[in-house]
$ cat start_5.txt   # compact mmCIF, C-alpha atoms and all ligand atoms
# COMPACT_ATOMS: atom_id res chain seq x y z
CA MET A 1 -3.16 -28.10 -14.87
CA GLU A 2 -5.22 -30.65 -16.72
CA THR A 3 -6.88 -31.80 -13.49
CA ASN A 4 -7.58 -28.24 -12.43
CA LEU A 5 -9.14 -27.34 -15.71
CA ASN A 6 -11.28 -30.43 -15.82
CA LYS A 7 -12.42 -29.64 -12.33
CA VAL A 8 -13.47 -26.15 -13.33
CA LEU A 9 -15.15 -27.30 -16.46
CA GLY A 10 -16.95 -29.93 -14.45
CA GLU A 11 -18.06 -27.35 -11.93
CA MET A 12 -19.29 -25.13 -14.69
CA GLY A 13 -21.27 -27.93 -16.22
CA PHE A 14 -19.01 -28.48 -19.18
CA ASP A 15 -17.93 -31.79 -20.50
CA SER A 16 -14.24 -31.74 -19.69
CA SER A 17 -13.36 -33.81 -22.71
CA LEU A 18 -14.14 -30.72 -24.78
CA HIS A 19 -10.95 -29.14 -23.59
CA ASP A 20 -8.72 -30.95 -26.05
CA THR A 21 -10.67 -29.67 -28.99
CA ILE A 22 -10.44 -26.04 -27.98
CA ASP A 23 -7.48 -24.31 -29.38
CA SER A 24 -8.09 -20.60 -29.07
CA GLN A 25 -5.56 -18.69 -27.01
CA LEU A 26 -6.40 -15.34 -25.47
CA THR A 27 -3.77 -12.71 -24.92
CA SER A 28 -3.69 -11.07 -21.50
CA GLN A 29 -5.19 -7.94 -23.04
CA GLU A 30 -8.03 -9.88 -24.65
CA TYR A 31 -8.63 -11.61 -21.36
CA LYS A 32 -8.81 -8.29 -19.54
CA GLU A 33 -11.27 -6.98 -22.11
CA ARG A 34 -13.35 -10.13 -21.88
CA LEU A 35 -13.66 -9.83 -18.12
CA THR A 36 -14.56 -6.15 -18.35
CA LYS A 37 -17.24 -6.84 -20.92
CA LEU A 38 -18.82 -9.56 -18.78
CA LEU A 39 -18.58 -7.46 -15.66
CA GLN A 40 -20.27 -4.35 -17.00
CA PRO A 41 -23.85 -5.70 -17.11
CA ILE A 42 -23.44 -7.09 -13.59
CA LEU A 43 -22.56 -3.62 -12.28
CA ASP A 44 -25.23 -1.95 -14.41
CA GLN A 45 -27.81 -4.18 -12.85
CA ARG A 46 -26.43 -3.94 -9.33
CA PHE A 47 -26.10 -0.13 -9.29
CA PRO A 48 -28.82 1.19 -11.59
CA GLY A 49 -29.14 4.60 -9.90
CA THR A 50 -25.44 5.41 -9.42
CA PRO A 51 -23.39 5.73 -12.61
CA PRO A 52 -20.04 6.22 -10.80
CA LYS A 53 -20.46 2.82 -9.20
CA ARG A 54 -20.93 1.23 -12.60
CA GLN A 55 -17.60 2.48 -13.85
CA ILE A 56 -14.78 -0.05 -14.25
CA LEU A 57 -11.19 1.08 -13.84
CA PRO A 58 -8.44 -0.96 -15.47
CA LYS A 59 -5.29 -0.76 -13.35
CA HIS A 60 -1.86 -2.25 -13.30
CA ASP A 61 -2.36 -6.00 -12.95
CA ARG A 62 -5.95 -5.69 -11.81
CA ILE A 63 -9.40 -4.50 -12.76
CA ASN A 64 -10.91 -2.22 -10.14
CA PHE A 65 -14.62 -1.65 -9.56
CA ALA A 66 -17.31 -1.15 -6.91
CA CYS A 67 -17.95 -4.46 -5.17
CA PRO A 68 -21.35 -5.88 -6.15
CA TYR A 69 -21.47 -8.18 -3.10
CA CYS A 70 -21.43 -5.50 -0.41
CA GLY A 71 -22.35 -2.54 -2.60
CA ASP A 72 -19.03 -0.96 -1.59
CA SER A 73 -18.93 2.39 0.21
CA MET A 74 -22.10 3.93 1.57
CA LYS A 75 -20.32 7.25 1.85
CA SER A 76 -18.79 7.58 -1.56
CA ASP A 77 -20.11 6.53 -4.94
CA TYR A 78 -16.56 6.69 -6.20
CA ALA A 79 -14.98 4.21 -3.81
CA LYS A 80 -14.07 1.04 -5.64
CA ARG A 81 -12.76 -1.75 -3.53
CA GLY A 82 -13.58 -4.75 -5.65
CA ASN A 83 -10.74 -6.13 -7.76
CA PHE A 84 -10.02 -8.81 -10.30
CA ILE A 85 -6.41 -9.50 -9.52
CA LEU A 86 -4.44 -10.30 -12.65
CA GLY A 87 -0.88 -10.52 -11.39
CA GLY A 88 1.01 -11.94 -8.45
CA LYS A 89 0.28 -14.95 -6.33
CA HIS A 90 -3.44 -14.18 -6.10
CA ARG A 91 -3.92 -13.66 -9.80
CA ASN A 92 -7.27 -14.58 -11.19
CA TYR A 93 -9.04 -14.09 -7.92
CA PHE A 94 -11.65 -11.53 -7.04
CA LYS A 95 -11.00 -9.55 -3.86
CA CYS A 96 -13.03 -6.85 -2.11
CA PHE A 97 -11.23 -4.71 0.43
CA ASN A 98 -14.48 -3.56 1.92
CA CYS A 99 -16.33 -6.79 2.74
CA GLY A 100 -13.40 -9.16 2.34
CA GLU A 101 -15.05 -11.36 -0.29
CA PHE A 102 -12.35 -13.42 -1.94
CA LYS A 103 -12.88 -16.01 -4.62
CA ARG A 104 -11.73 -17.24 -7.98
CA ILE A 105 -12.88 -15.08 -10.88
CA ASP A 106 -14.99 -17.84 -12.42
CA TRP A 107 -16.74 -18.33 -9.09
CA PHE A 108 -17.42 -14.59 -8.97
CA PHE A 109 -19.11 -14.75 -12.35
CA ARG A 110 -21.01 -17.86 -11.40
CA ASP A 111 -22.50 -15.93 -8.48
CA TYR A 112 -23.96 -13.54 -11.02
CA LYS A 113 -25.12 -16.24 -13.38
CA THR A 114 -22.62 -15.15 -15.97
CA GLU A 115 -20.83 -17.69 -18.03
CA LEU A 116 -17.14 -17.35 -18.69
CA LYS A 117 -16.31 -18.51 -22.21
CA LEU A 118 -14.06 -21.51 -22.47
CA ASP A 119 -11.11 -19.64 -23.89
CA ALA A 120 -11.29 -17.31 -20.89
CA VAL A 121 -11.47 -20.27 -18.53
CA ASN A 122 -8.47 -21.74 -20.30
CA TYR A 123 -6.57 -18.54 -19.92
CA MET A 124 -7.53 -18.25 -16.29
CA MET A 125 -6.53 -21.78 -15.42
CA ASP A 126 -3.24 -21.47 -17.24
CA ASN A 127 -2.50 -18.33 -15.29
CA LEU A 128 -3.90 -19.15 -11.92
CA GLY A 129 -2.10 -17.88 -8.85
CA ASP A 130 0.16 -20.47 -7.31
CA PHE A 131 -1.13 -20.57 -3.76
CA SER A 132 -3.32 -23.37 -2.60
CA THR A 133 -4.87 -22.29 0.68
CA TYR A 134 -6.89 -19.16 0.36
CA GLU A 135 -8.53 -19.60 3.72
CA GLY A 136 -6.09 -17.33 5.54
CA ALA A 137 -5.83 -15.00 2.60
CA LYS A 138 -9.38 -13.80 3.05
CA TYR A 139 -8.35 -10.55 4.65
CA ASP A 140 -4.91 -10.36 3.17
CA MET A 141 -4.96 -7.05 1.35
CA SER A 142 -1.39 -7.50 0.25
CA VAL A 143 -2.88 -9.17 -2.79
CA LEU A 144 -2.77 -5.70 -4.29
CA LEU A 145 0.97 -5.67 -4.11
CA ASP A 146 2.89 -8.07 -6.18
CA MET A 147 5.75 -8.77 -3.79
CA GLU A 148 7.75 -10.97 -6.14
CA HIS A 149 7.63 -8.25 -8.74
CA LEU A 150 8.71 -5.63 -6.25
CA ASP A 151 11.49 -7.75 -4.92
CA LYS A 152 12.83 -8.48 -8.36
CA TYR A 153 13.38 -4.78 -9.05
CA ALA A 154 14.33 -3.58 -5.59
CA ILE A 155 18.04 -2.90 -5.10
CA ASP A 156 20.43 -5.10 -3.22
CA ARG A 157 21.74 -3.50 -0.05
CA GLN A 158 25.40 -4.27 -0.71
CA GLU A 159 25.13 -2.91 -4.21
CA LEU A 160 23.67 0.38 -3.00
CA LEU A 161 26.15 0.55 -0.19
CA SER A 162 29.20 0.24 -2.39
CA TYR A 163 27.85 2.44 -5.18
CA PHE A 164 27.11 5.41 -2.93
CA GLY A 165 30.00 4.93 -0.52
CA LEU A 166 27.64 4.20 2.37
CA VAL A 167 28.24 2.49 5.67
CA GLU A 168 25.94 0.78 8.13
CA VAL A 169 24.78 3.27 10.75
CA LYS A 170 25.73 1.32 13.83
CA ASN A 171 29.27 2.30 14.84
CA SER A 172 29.03 5.38 12.61
CA PRO A 173 28.84 8.99 13.89
CA VAL A 174 25.13 9.18 13.03
CA TRP A 175 24.17 6.38 15.43
CA SER A 176 23.90 8.64 18.48
CA TRP A 177 21.74 11.07 16.48
CA LEU A 178 19.43 8.19 15.56
CA THR A 179 19.19 6.64 18.99
CA LYS A 180 18.44 10.04 20.51
CA ARG A 181 15.42 9.93 18.20
CA LEU A 182 14.61 6.43 19.41
CA GLN A 183 15.53 4.93 16.03
CA TYR A 184 17.11 1.62 16.89
CA LYS A 185 16.35 -0.32 13.75
CA GLU A 186 19.67 0.03 12.00
CA ILE A 187 18.44 -1.96 9.00
CA LYS A 188 16.26 1.03 8.05
CA PHE A 189 19.21 3.36 7.53
CA LEU A 190 22.51 3.83 5.78
CA TYR A 191 25.03 6.64 6.22
CA ASN A 192 27.50 8.43 3.98
CA PRO A 193 30.44 9.50 6.16
CA ASN A 194 32.14 11.57 3.47
CA LYS A 195 29.15 13.64 2.46
CA ASN A 196 27.49 13.44 5.87
CA TYR A 197 24.04 12.35 4.93
CA LEU A 198 21.64 9.69 6.14
CA LEU A 199 19.63 7.47 3.83
CA ILE A 200 16.26 6.39 5.20
CA LEU A 201 15.23 3.21 3.45
CA ASN A 202 12.00 1.79 2.12
CA LEU A 203 12.56 -1.95 2.40
CA THR A 204 10.94 -5.03 0.92
CA PRO A 205 10.32 -8.10 3.12
CA THR A 206 13.69 -9.50 1.99
CA GLU A 207 15.31 -6.21 3.00
CA LYS A 208 16.08 -5.04 -0.49
CA ILE A 209 15.73 -1.34 -1.17
CA LEU A 210 12.73 -0.01 -3.02
CA GLY A 211 13.27 3.70 -2.43
CA ALA A 212 14.99 6.10 -0.08
CA GLN A 213 14.84 9.49 1.52
CA LYS A 214 18.09 11.38 1.95
CA ARG A 215 18.56 13.57 4.98
CA SER A 216 21.52 15.91 4.75
CA PHE A 217 22.99 17.48 7.87
CA SER A 218 24.24 20.54 6.04
CA GLY A 219 23.16 22.65 3.09
CA THR A 220 19.77 24.06 2.21
CA ASN A 221 17.92 21.17 0.62
CA ARG A 222 17.93 18.88 3.63
CA PHE A 223 15.50 16.28 2.37
CA GLU A 224 15.58 14.59 -1.00
CA THR A 225 13.65 11.55 -2.15
CA TYR A 226 14.86 8.78 -4.39
CA LYS A 227 12.22 6.76 -6.10
CA LEU A 228 13.25 3.47 -7.59
CA SER A 229 13.74 4.67 -11.17
CA LYS A 230 15.93 7.50 -9.90
CA LEU A 231 18.15 5.07 -8.02
CA TYR A 232 18.47 3.01 -11.19
CA GLU A 233 19.32 6.13 -13.15
CA ILE A 234 22.00 7.26 -10.72
CA MET A 235 23.47 3.76 -10.57
CA LYS A 236 23.33 3.56 -14.37
CA LYS A 237 21.36 0.35 -14.20
CA PRO A 238 18.83 -0.37 -16.93
CA LEU A 239 15.31 -0.68 -15.57
CA GLU A 240 13.66 -2.97 -18.06
CA VAL A 241 9.98 -2.35 -17.49
CA ASN A 242 7.27 -0.56 -19.42
CA GLU A 243 5.97 2.85 -18.41
CA GLU A 244 3.01 1.49 -16.48
CA GLN A 245 5.20 -0.85 -14.46
CA MET A 246 7.66 1.93 -13.79
CA ASN A 247 4.91 4.16 -12.44
CA TYR A 248 3.75 1.33 -10.24
CA LEU A 249 7.24 0.66 -8.89
CA ASP A 250 7.96 4.36 -8.40
CA THR A 251 4.67 4.92 -6.60
CA LEU A 252 5.28 2.13 -4.13
CA SER A 253 8.93 3.06 -3.74
CA MET A 254 7.79 6.34 -2.16
CA ILE A 255 5.44 4.73 0.36
CA PHE A 256 7.70 3.72 3.19
CA ASN A 257 6.95 0.40 4.92
CA ILE A 258 4.31 -0.48 2.34
CA CYS A 259 5.77 -3.97 1.89
CA LEU A 260 5.97 -4.63 5.61
CA ILE A 261 2.52 -3.92 6.97
CA ASN A 262 -0.35 -6.18 7.82
CA PHE A 263 -3.24 -5.13 5.62
CA SER A 264 -5.84 -6.74 7.85
CA LYS A 265 -5.06 -4.36 10.72
CA PRO A 266 -5.58 -0.59 10.84
CA ILE A 267 -2.95 1.17 8.76
CA THR A 268 -1.76 4.61 9.81
CA LEU A 269 -0.26 7.07 7.36
CA PHE A 270 2.46 9.47 8.52
CA GLU A 271 4.21 12.32 6.78
CA GLY A 272 7.69 11.08 7.59
CA PRO A 273 9.28 7.62 7.59
CA MET A 274 10.97 8.15 10.95
CA ASP A 275 7.58 8.62 12.60
CA ALA A 276 6.18 5.59 10.82
CA PHE A 277 9.11 3.47 12.02
CA LEU A 278 7.95 4.17 15.58
CA PHE A 279 4.29 3.34 15.20
CA LYS A 280 2.68 -0.07 14.78
CA ASN A 281 1.57 -1.02 11.28
CA SER A 282 2.15 2.31 9.64
CA ILE A 283 3.35 3.78 6.37
CA ALA A 284 4.75 7.16 5.35
CA ASN A 285 4.66 9.04 2.11
CA THR A 286 7.15 11.87 2.66
CA GLY A 287 5.13 15.05 2.99
CA ALA A 288 1.73 16.27 4.13
CA ASN A 289 0.63 17.49 0.76
CA LYS A 290 1.04 14.19 -1.01
CA GLU A 291 -2.09 12.10 -1.15
CA LEU A 292 -1.63 8.37 -0.95
CA PRO A 293 -1.61 7.15 -4.55
CA ILE A 294 -2.98 3.71 -3.81
CA ASP A 295 -6.44 2.93 -2.59
CA ILE A 296 -6.22 1.19 0.77
CA PRO A 297 -8.15 2.03 3.93
CA ILE A 298 -5.94 4.15 6.17
CA ARG A 299 -6.11 6.61 9.02
CA TYR A 300 -4.14 9.84 8.87
CA PHE A 301 -1.51 10.93 11.37
CA TYR A 302 -0.29 14.31 10.19
CA ASP A 303 2.23 16.43 12.08
CA ALA A 304 0.83 18.91 14.57
CA ASP A 305 1.61 22.03 12.57
CA GLU A 306 -0.29 24.37 10.31
CA THR A 307 -0.16 22.19 7.20
CA GLY A 308 -0.90 19.04 9.14
CA ARG A 309 -3.94 20.57 10.83
CA LYS A 310 -5.25 21.80 7.51
CA LYS A 311 -4.89 18.35 5.97
CA SER A 312 -6.50 16.68 8.99
CA LEU A 313 -9.48 19.01 8.70
CA GLU A 314 -9.84 18.22 5.02
CA HIS A 315 -9.88 14.52 5.74
CA ILE A 316 -12.20 14.50 8.73
CA GLU A 317 -14.67 16.50 6.64
CA LYS A 318 -14.75 13.47 4.34
CA ASP A 319 -15.28 11.14 7.32
CA HIS A 320 -11.71 9.88 7.10
CA GLU A 321 -10.09 8.95 10.38
CA VAL A 322 -7.46 11.42 11.58
CA PHE A 323 -5.38 11.80 14.70
CA LEU A 324 -6.80 14.33 17.19
CA TRP A 325 -3.66 16.13 18.27
CA ASP A 326 -5.38 18.71 20.41
CA LYS A 327 -7.27 16.16 22.44
CA PHE A 328 -4.13 14.08 22.80
CA LEU A 329 -1.81 16.91 23.85
CA ARG A 330 -4.34 18.10 26.42
CA GLN A 331 -4.61 14.60 27.80
CA ILE A 332 -0.88 14.11 28.29
CA ASN A 333 -0.22 17.74 29.27
CA MET A 334 2.41 18.33 26.67
CA PRO A 335 3.39 22.00 26.47
CA TYR A 336 2.32 24.00 23.42
CA ARG A 337 4.74 24.20 20.52
CA LYS A 338 4.39 25.34 16.93
CA LYS A 339 5.11 21.91 15.59
CA TYR A 340 5.08 18.38 16.89
CA ASP A 341 5.44 15.07 15.22
CA TRP A 342 5.02 11.57 16.63
CA ASN A 343 8.75 11.21 17.21
CA ASP A 344 8.71 14.37 19.38
CA VAL A 345 5.95 12.89 21.51
CA LEU A 346 7.86 9.68 22.13
CA ILE A 347 11.06 11.50 23.01
CA TRP A 348 9.20 13.82 25.37
CA ALA A 349 7.30 10.95 27.02
CA LYS A 350 10.53 9.05 27.52
CA GLU A 351 12.27 12.02 29.10
CA LYS A 352 9.36 12.70 31.43
CA GLN A 353 8.80 9.00 31.97
CA ILE A 354 5.18 9.34 31.03
CA GLN A 355 3.13 6.33 30.06
CA LEU A 356 1.21 7.26 26.92
CA PRO A 357 -2.52 6.48 26.76
CA LEU A 358 -3.94 4.12 24.16
CA ILE A 359 -3.37 5.97 20.89
CA ASP A 360 -6.27 4.29 19.10
CA ASN A 361 -8.62 6.39 21.27
CA TYR A 362 -7.36 9.59 19.68
CA PHE A 363 -8.42 8.87 16.12
CA SER A 364 -11.78 9.97 14.83
CA GLY A 365 -13.57 10.06 11.50
CA ASN A 366 -16.45 12.12 12.83
CA PRO A 367 -16.49 15.71 11.47
CA LEU A 368 -17.95 16.83 14.82
CA ASP A 369 -14.58 16.01 16.38
CA ALA A 370 -12.77 18.52 14.14
CA ILE A 371 -12.56 20.80 17.16
CA ASP A 372 -10.04 18.41 18.73
CA ILE A 373 -7.62 18.41 15.78
ZN ZN B 1 -17.43 -6.05 -1.05
$ encode --input "start_5.txt" --output "structure tokens" --more "lines below"
Ligand SMILES: [Zn+2]
Amino acid sequence: METNLNKVLGEMGFDSSLHDTIDSQLTSQEYKERLTKLLQPILDQRFPGTPPKRQILPKHDRINFACPYCGDSMKSDYAKRGNFILGGKHRNYFKCFNCGEFKRIDWFFRDYKTELKLDAVNYMMDNLGDFSTYEGAKYDMSVLLDMEHLDKYAIDRQELLSYFGLVEVKNSPVWSWLTKRLQYKEIKFLYNPNKNYLLILNLTPTEKILGAQKRSFSGTNRFETYKLSKLYEIMKKPLEVNEEQMNYLDTLSMIFNICLINFSKPITLFEGPMDAFLFKNSIANTGANKELPIDIPIRYFYDADETGRKKSLEHIEKDHEVFLWDKFLRQINMPYRKKYDWNDVLIWAKEKQIQLPLIDNYFSGNPLDAIDI
């Protein structure tokens, strides 16, 4: 720590021997406020004509703002993809998800000729993320997700299994139902043989359970979702986090696959987890009418039904990339039906032994392509 700090102080033109005489300790809140206060004039100067771009949004474990390096989105004054990351392994780094700029917070300020006060430097160095090579992390958007934090609160598989009377799906009656739907990743599911329901799981990289969707095979309410706090509640486990953290955990618990994707590649959002499980680098947020609550660049793959088409139209109007079902179905000659989802396409293609064309060619963010939705 001492070496690090001296290095920073040296780089900033300070006499490192000063360090010993400085005794002031910032709280994390004071530190956050300090950064915001120093950042504001930089944004004011960078975006004089666009007030929305000058606005700073404090978030859970980060400070979010329009990136002054690239100017952020040309299309929207409200897009904010610059972040001071304050938690997780990349804490105290700046990261832009538009241009990819990634550097320590003090280096960010140095670029804008702004001096970080020594107590802030102290705080930063005492709380610096614990990774050493940031070369490969340049395009690693997972910095937004604090995996250790998520993993700590996610539920152990065995614990869930025994509490709910679940069994592994392989060798259970539901396995043939799953494989008929081309779902071969048994780790993603659990089954309750007594109550005859399937649990579709949102897993962390260590295969702990962050959230789940229940699919019943009888009754009226066939789909139910279980965010993390609800699982804790049912299992009568105390979830010892504050409200902000709980919202954060609950939000991510309902975005299936969110912990498992590569943020440097295109991310596709589906309505249902079972579709997302069958598509490279994709997430699902259980339902067409839910907007994704976190701000990452994605393309939209809604179901081919009335709601899905409506949502696709809304998004392509905003230049967001959506899947062009109509163009795609015409291309592969799939017969008309009132509703299709991605899983249906794969099952159909397998039955007919049809080689599907390159799916990437059927996404568009050009409103002129709305006719092909
Ligand atoms: Zn940028």
$ atom_distance --input "start_5.txt" --atom1 "atom CA of A:Pro335" --atom2 "atom CA of A:Ala349"
11.7 Å
$ atom_distance --input "start_5.txt" --atom1 "atom CA of A:Ile85" --atom2 "atom CA of A:Asp61"
6.4 Å
$ closest_residue --input "start_5.txt" --among "A:Asp303, A:Glu33, A:Asp72, A:Glu159" --to "ligand ZN 1 (chain B)" --atoms "only C-alpha atoms and all ligand atoms"
A:Asp72
$ residues_near_ligand --input "start_5.txt" --ligand "ligand ZN 1 (chain B)" --cutoff "6 Å" --atoms "only C-alpha atoms and all ligand atoms" --output "VMD selection string"
chain A and resid 67 69 to 70 72 96 98 to 99 101
$ closest_residue --input "start_5.txt" --among "A:Met235, A:Gly287, A:Thr50, A:Glu243" --to "A:Ser76" --atoms "all atoms listed in the file"
A:Thr50
$ atom_distance --input "start_5.txt" --atom1 "atom CA of A:Asn289" --atom2 "atom CA of A:Gly272"
11.7 Å
$ closest_residue --input "start_5.txt" --among "A:Leu161, A:Leu190, A:Ile283, A:Leu368" --to "A:Glu271" --atoms "all atoms listed in the file"
A:Ile283
$ closest_residue --input "start_5.txt" --among "A:Phe164, A:Asn122, A:Arg91, A:Val241" --to "A:Lys152" --atoms "all atoms listed in the file"
A:Val241
$ closest_residue --input "start_5.txt" --among "A:Tyr123, A:Tyr232, A:Phe223, A:Tyr78" --to "A:Pro273" --atoms "all atoms listed in the file"
A:Phe223
$ residues_around --input "start_5.txt" --residues "A:Val345" --least-positions-apart "2" --cutoff "12 Å" --atoms "all atoms listed in the file" --output "ChimeraX atom specification"
/A:181-182,275,278-279,303-304,325,328-329,332-337,339-343,347-357,359
$ write_last_selection --input "start_5.txt" --atoms "C-alpha atoms" --output "PDB file, keeping the file's coordinate frame"
ATOM      1  CA  ARG A 181      15.420   9.930  18.200  1.00  0.00           C
ATOM      2  CA  LEU A 182      14.610   6.430  19.410  1.00  0.00           C
ATOM      3  CA  ASP A 275       7.580   8.620  12.600  1.00  0.00           C
ATOM      4  CA  LEU A 278       7.950   4.170  15.580  1.00  0.00           C
ATOM      5  CA  PHE A 279       4.290   3.340  15.200  1.00  0.00           C
ATOM      6  CA  ASP A 303       2.230  16.430  12.080  1.00  0.00           C
ATOM      7  CA  ALA A 304       0.830  18.910  14.570  1.00  0.00           C
ATOM      8  CA  TRP A 325      -3.660  16.130  18.270  1.00  0.00           C
ATOM      9  CA  PHE A 328      -4.130  14.080  22.800  1.00  0.00           C
ATOM     10  CA  LEU A 329      -1.810  16.910  23.850  1.00  0.00           C
ATOM     11  CA  ILE A 332      -0.880  14.110  28.290  1.00  0.00           C
ATOM     12  CA  ASN A 333      -0.220  17.740  29.270  1.00  0.00           C
ATOM     13  CA  MET A 334       2.410  18.330  26.670  1.00  0.00           C
ATOM     14  CA  PRO A 335       3.390  22.000  26.470  1.00  0.00           C
ATOM     15  CA  TYR A 336       2.320  24.000  23.420  1.00  0.00           C
ATOM     16  CA  ARG A 337       4.740  24.200  20.520  1.00  0.00           C
ATOM     17  CA  LYS A 339       5.110  21.910  15.590  1.00  0.00           C
ATOM     18  CA  TYR A 340       5.080  18.380  16.890  1.00  0.00           C
ATOM     19  CA  ASP A 341       5.440  15.070  15.220  1.00  0.00           C
ATOM     20  CA  TRP A 342       5.020  11.570  16.630  1.00  0.00           C
ATOM     21  CA  ASN A 343       8.750  11.210  17.210  1.00  0.00           C
ATOM     22  CA  ILE A 347      11.060  11.500  23.010  1.00  0.00           C
ATOM     23  CA  TRP A 348       9.200  13.820  25.370  1.00  0.00           C
ATOM     24  CA  ALA A 349       7.300  10.950  27.020  1.00  0.00           C
ATOM     25  CA  LYS A 350      10.530   9.050  27.520  1.00  0.00           C
ATOM     26  CA  GLU A 351      12.270  12.020  29.100  1.00  0.00           C
ATOM     27  CA  LYS A 352       9.360  12.700  31.430  1.00  0.00           C
ATOM     28  CA  GLN A 353       8.800   9.000  31.970  1.00  0.00           C
ATOM     29  CA  ILE A 354       5.180   9.340  31.030  1.00  0.00           C
ATOM     30  CA  GLN A 355       3.130   6.330  30.060  1.00  0.00           C
ATOM     31  CA  LEU A 356       1.210   7.260  26.920  1.00  0.00           C
ATOM     32  CA  PRO A 357      -2.520   6.480  26.760  1.00  0.00           C
ATOM     33  CA  ILE A 359      -3.370   5.970  20.890  1.00  0.00           C
TER      34      ILE A 359
END
$ closest_residue --input "start_5.txt" --among "A:Phe65, A:Phe108, A:Phe323, A:Phe189" --to "A:Phe301" --atoms "only C-alpha atoms"
A:Phe323
$ residues_around --input "start_5.txt" --residues "A:Gly71" --least-positions-apart "3" --cutoff "10 Å" --atoms "all atoms listed in the file" --output "list in words"
Leu43, Arg46, Phe47, Lys53, Ala66, Cys67, Pro68, Met74, Asp77, Lys80, Arg81, Gly82, Asn98 and Cys99 of chain A
$ write_last_selection --input "start_5.txt" --atoms "C-alpha atoms" --output "CSV table (one decimal), keeping the file's coordinate frame"
chain,number,residue,atom,x,y,z
A,43,LEU,CA,-22.6,-3.6,-12.3
A,46,ARG,CA,-26.4,-3.9,-9.3
A,47,PHE,CA,-26.1,-0.1,-9.3
A,53,LYS,CA,-20.5,2.8,-9.2
A,66,ALA,CA,-17.3,-1.2,-6.9
A,67,CYS,CA,-18.0,-4.5,-5.2
A,68,PRO,CA,-21.4,-5.9,-6.2
A,74,MET,CA,-22.1,3.9,1.6
A,77,ASP,CA,-20.1,6.5,-4.9
A,80,LYS,CA,-14.1,1.0,-5.6
A,81,ARG,CA,-12.8,-1.8,-3.5
A,82,GLY,CA,-13.6,-4.8,-5.6
A,98,ASN,CA,-14.5,-3.6,1.9
A,99,CYS,CA,-16.3,-6.8,2.7
$ residues_around --input "start_5.txt" --residues "A:Leu128" --least-positions-apart "2" --cutoff "7 Å" --atoms "all atoms listed in the file" --output "VMD selection string"
chain A and resid 91 to 92 124 to 126 130
$ residues_around --input "start_5.txt" --residues "A:Leu249" --least-positions-apart "2" --cutoff "8 Å" --atoms "all atoms listed in the file" --output "list in words"
Leu150, Leu228, Ser229, Gln245, Met246, Asn247, Thr251, Leu252 and Ser253 of chain A
$ residues_around --input "start_5.txt" --residues "A:Phe102" --least-positions-apart "5" --cutoff "7 Å" --atoms "all atoms listed in the file" --output "JSON, numbers by chain"
{"A": [93, 94, 95, 96, 138]}
